[in-house]
Amino acid sequence: MLAKKLSLKTKLGFGICDLGGNLFFTIMGFYLLFYLTDTSKLLAGLAGTALLVGKLADAFVDPAVGFLSDRTRSRWGRRRPFIFIGSILLFFLMIGMYTNPHIQSQLRLFIWTAVAYILLMASYSMVNIPYGALTPELSPDFDERTTLNAYRMTFAVVGTFVGAALVLPIVGAFANKDLGWLAMGAIMGAVITITALTTVFTIREPPAKPENKKKPKEGIFATYASALKLKPFLLAMFTYGSHMIGITIVQGALLYYFKYIYNAEGKFQIALAIFLVCVIISIPLWTMISKRIGKKLSYNLGMGLFAAVVIAFFFVGRGRGVGVMYVTMAIAGLGNSTNYIMPFAILPDVTELDYSQTGVRREGVFYGLWNFTLKVGQAFATALIGWILTAFGYVPDAAQTATSQLGIRLLVGPVAAVFFIAGVVILSFYPITRKYYETQIMPKVAAWEKKKA
């Protein structure tokens, strides 16, 4: 089945939403725990646990959003109404998250943080899950989806770059640190909202297929139970979840590394800029490589490289200065580039496999489960950072002992690497290749389309 090539307008209009999406992801991953421990003064263990509770609660929102978006009928389509409403909420909740409540009681501050985080992440789910579910709807072509996601992830890296480059300068522009964090939340919240709304008003969703004009009879639990029986989906989902645990650990611990081991907090942004530039320039490279050797092998090569780099850095990073960190970040960026492209090029193939077997389009269900796993993994990773920092004797805004420094080094090195390696192993069993997709999936999809025409 010959697929129509997507226009440049569609690719750009679709991709820009993830500029704000990854800006959000960067701020949450690199700065939120640091903000909570060093500005709000919530104990590290409690901060990690609050974020764990928040993400676990929000993880149950994701399947509901995916389920509902599959069944939504409006003149705007199935996905865009959710993106519209969620993006507006995100602006106000970003401000709330970075407003220091000055609560003295650790218990009350813990509750405040958990509730604020639940609300913030729920609004993000309303944007991110329907947005992701647009991917398989825009093109059925195996390689065109990789190209579409290359546009998306180029914008995503730009969003990461903006977050990495501007968060601390915005905070530092204000003499009052609390006001600086509040301004940062408002400015970045506005960018996130504007980019999401750009996609809402640029993309036109394809008309609903005949099977979607009537709501599926399955309830939410039966629908998700059915989706979870699809082995290729489980392999892809757990691979991505494992890699994101490792990345979240590196993200959350890296600023502590610069501040307390290198005593060079200001150079954190330089290292991050090097990392992101290497990610950006590597995206076209990995896109071309994947067309030759496949998505699975490309993904495994990239994340295997990332694992090797962080392990090596654990042994040589501390005593050799910031320059070694810069080199490490450059190589890590080359490997991590695959995590921006391949998961979101693989997932649409899985949803197409499901359609070929069932004749029902339920992309929102799969993206809801995907994000459920992602958020549970991120929650675990963030809590693990807080627990390890506490266990190794971390004290905020103070000189760290050799023991607490070891805890930070373990997080940036071997602890993260374990999850990268696990993801590589899991993905090795993933069965969908280009040949499988074109010979086993697309003929069945074409048969369903012909039957329903």
# chains A, B, ... in the order shown; residues from 1 in each chain; ligands from 1
>>> residues_around(residues="Ala381 (chain A)", least_positions_apart="5", cutoff="7 Å", atoms="only C-alpha atoms", output="JSON, numbers by chain")
{"A": [245, 248, 249]}
>>> write_last_selection(atoms="N, CA and C atoms", output="PDB file, in the first residue's frame")
ATOM      1  N   ILE A 245      14.239   5.307  32.764  1.00  0.00           N
ATOM      2  CA  ILE A 245      14.676   5.263  34.169  1.00  0.00           C
ATOM      3  C   ILE A 245      16.129   5.695  34.249  1.00  0.00           C
ATOM      4  N   THR A 248      16.482   9.430  33.438  1.00  0.00           N
ATOM      5  CA  THR A 248      15.965  10.251  34.538  1.00  0.00           C
ATOM      6  C   THR A 248      16.959  10.299  35.695  1.00  0.00           C
ATOM      7  N   ILE A 249      17.610   9.187  35.971  1.00  0.00           N
ATOM      8  CA  ILE A 249      18.618   9.160  37.031  1.00  0.00           C
ATOM      9  C   ILE A 249      19.780  10.082  36.686  1.00  0.00           C
TER      10      ILE A 249
END
>>> residues_around(residues="region 183-190 of chain A", least_positions_apart="5", cutoff="10 Å", atoms="only C-alpha atoms", output="ChimeraX atom specification")
/A:20,23-24,27,87-99,162-163,166-174,177-178,195
>>> write_last_selection(atoms="C-alpha atoms", output="short mmCIF file (atom, residue, chain, number, x, y, z; two decimals), in the first residue's frame")
data_model
loop_
_atom_site.label_atom_id
_atom_site.label_comp_id
_atom_site.auth_asym_id
_atom_site.auth_seq_id
_atom_site.Cartn_x
_atom_site.Cartn_y
_atom_site.Cartn_z
CA GLY A 20 7.23 22.46 24.65
CA LEU A 23 11.04 21.69 27.57
CA PHE A 24 8.65 20.45 30.25
CA ILE A 27 12.64 21.21 33.60
CA SER A 87 -2.05 23.16 27.30
CA ILE A 88 -4.04 25.96 28.96
CA LEU A 89 -4.00 24.15 32.30
CA LEU A 90 -0.26 23.56 32.00
CA PHE A 91 0.49 27.28 32.01
CA PHE A 92 -1.20 27.93 35.36
CA LEU A 93 -0.01 24.72 36.99
CA MET A 94 3.63 25.41 36.03
CA ILE A 95 3.36 28.65 37.97
CA GLY A 96 1.87 26.79 40.93
CA MET A 97 4.57 24.10 40.92
CA TYR A 98 7.38 26.64 41.14
CA THR A 99 5.76 28.86 43.76
CA VAL A 162 15.99 25.92 25.77
CA GLY A 163 15.31 24.41 29.18
CA LEU A 166 17.58 29.37 30.18
CA VAL A 167 16.23 27.94 33.44
CA LEU A 168 19.11 28.93 35.70
CA PRO A 169 19.73 32.32 33.97
CA ILE A 170 16.04 33.23 34.44
CA VAL A 171 16.19 32.24 38.10
CA GLY A 172 19.48 34.09 38.55
CA ALA A 173 18.12 37.27 36.96
CA PHE A 174 16.12 37.93 40.12
CA LYS A 177 15.38 33.27 44.35
CA ASP A 178 11.71 32.48 45.01
CA THR A 195 3.82 25.38 21.06
#
>>> atom_distance(atom1="CA of Thr199 (chain A)", atom2="CA of Lys5 (chain A)")
18.8 Å
>>> atom_distance(atom1="CA of Gly241 (chain A)", atom2="CA of Trp370 (chain A)")
8.2 Å
>>> atom_distance(atom1="CA of Asn128 (chain A)", atom2="CA of Leu109 (chain A)")
27.9 Å
>>> closest_residue(among="A:Gln378, A:Gln440, A:Thr223, A:Thr154", to="Leu276 (chain A)", atoms="only C-alpha atoms")
A:Thr154
>>> closest_residue(among="A:Thr10, A:Thr373, A:Thr193, A:Thr328", to="Ser242 (chain A)", atoms="only C-alpha atoms")
A:Thr373
>>> closest_residue(among="A:Gln104, A:Asn176, A:Ser69, A:Asn300", to="Pro130 (chain A)", atoms="only C-alpha atoms")
A:Ser69
>>> closest_atom_pairs(of="region 380-451 of chain A", to="region 309-321 of chain A", cutoff="8 Å", atoms="only C-alpha atoms", output="tab-separated table")
residue	atom	partner	partner_atom	distance
A:Arg409	CA	A:Phe314	CA	6.3
A:Leu410	CA	A:Phe314	CA	7.1
A:Val412	CA	A:Val310	CA	6.8
A:Gly413	CA	A:Val310	CA	4.7
A:Pro414	CA	A:Ile311	CA	5.5
A:Ala416	CA	A:Val310	CA	7.7
A:Ala417	CA	A:Val310	CA	6.5
>>> write_last_selection(atoms="N, CA and C atoms", output="PDB file, in the first residue's frame")
ATOM      1  N   ARG A 409      28.092  10.023  42.441  1.00  0.00           N
ATOM      2  CA  ARG A 409      28.840   9.406  41.344  1.00  0.00           C
ATOM      3  C   ARG A 409      28.211   8.090  40.897  1.00  0.00           C
ATOM      4  N   LEU A 410      27.716   7.323  41.843  1.00  0.00           N
ATOM      5  CA  LEU A 410      27.055   6.062  41.491  1.00  0.00           C
ATOM      6  C   LEU A 410      25.803   6.312  40.654  1.00  0.00           C
ATOM      7  N   VAL A 412      25.149   8.853  38.575  1.00  0.00           N
ATOM      8  CA  VAL A 412      25.493   9.282  37.221  1.00  0.00           C
ATOM      9  C   VAL A 412      26.162   8.166  36.432  1.00  0.00           C
ATOM     10  N   GLY A 413      26.699   7.149  37.114  1.00  0.00           N
ATOM     11  CA  GLY A 413      27.432   6.083  36.445  1.00  0.00           C
ATOM     12  C   GLY A 413      26.735   4.742  36.450  1.00  0.00           C
ATOM     13  N   PRO A 414      27.170   3.802  37.262  1.00  0.00           N
ATOM     14  CA  PRO A 414      26.689   2.413  37.190  1.00  0.00           C
ATOM     15  C   PRO A 414      25.195   2.230  37.420  1.00  0.00           C
ATOM     16  N   ALA A 416      22.675   4.180  36.612  1.00  0.00           N
ATOM     17  CA  ALA A 416      21.974   4.481  35.359  1.00  0.00           C
ATOM     18  C   ALA A 416      22.279   3.429  34.295  1.00  0.00           C
ATOM     19  N   ALA A 417      23.526   2.996  34.230  1.00  0.00           N
ATOM     20  CA  ALA A 417      23.944   2.043  33.184  1.00  0.00           C
ATOM     21  C   ALA A 417      23.186   0.722  33.265  1.00  0.00           C
TER      22      ALA A 417
END
>>> closest_residue(among="A:Thr113, A:Thr287, A:Gln269, A:Thr338", to="Leu32 (chain A)", atoms="only C-alpha atoms")
A:Thr113
>>> closest_residue(among="A:Met303, A:Asn22, A:Glu205, A:Arg80", to="Val191 (chain A)", atoms="only C-alpha atoms")
A:Asn22
>>> select_by_dssp(residues="region 301-434 of chain A", states="alpha helix (DSSP H)", output="ChimeraX atom specification")
/A:301-316,322-358,363-391,402-410,416-427,434
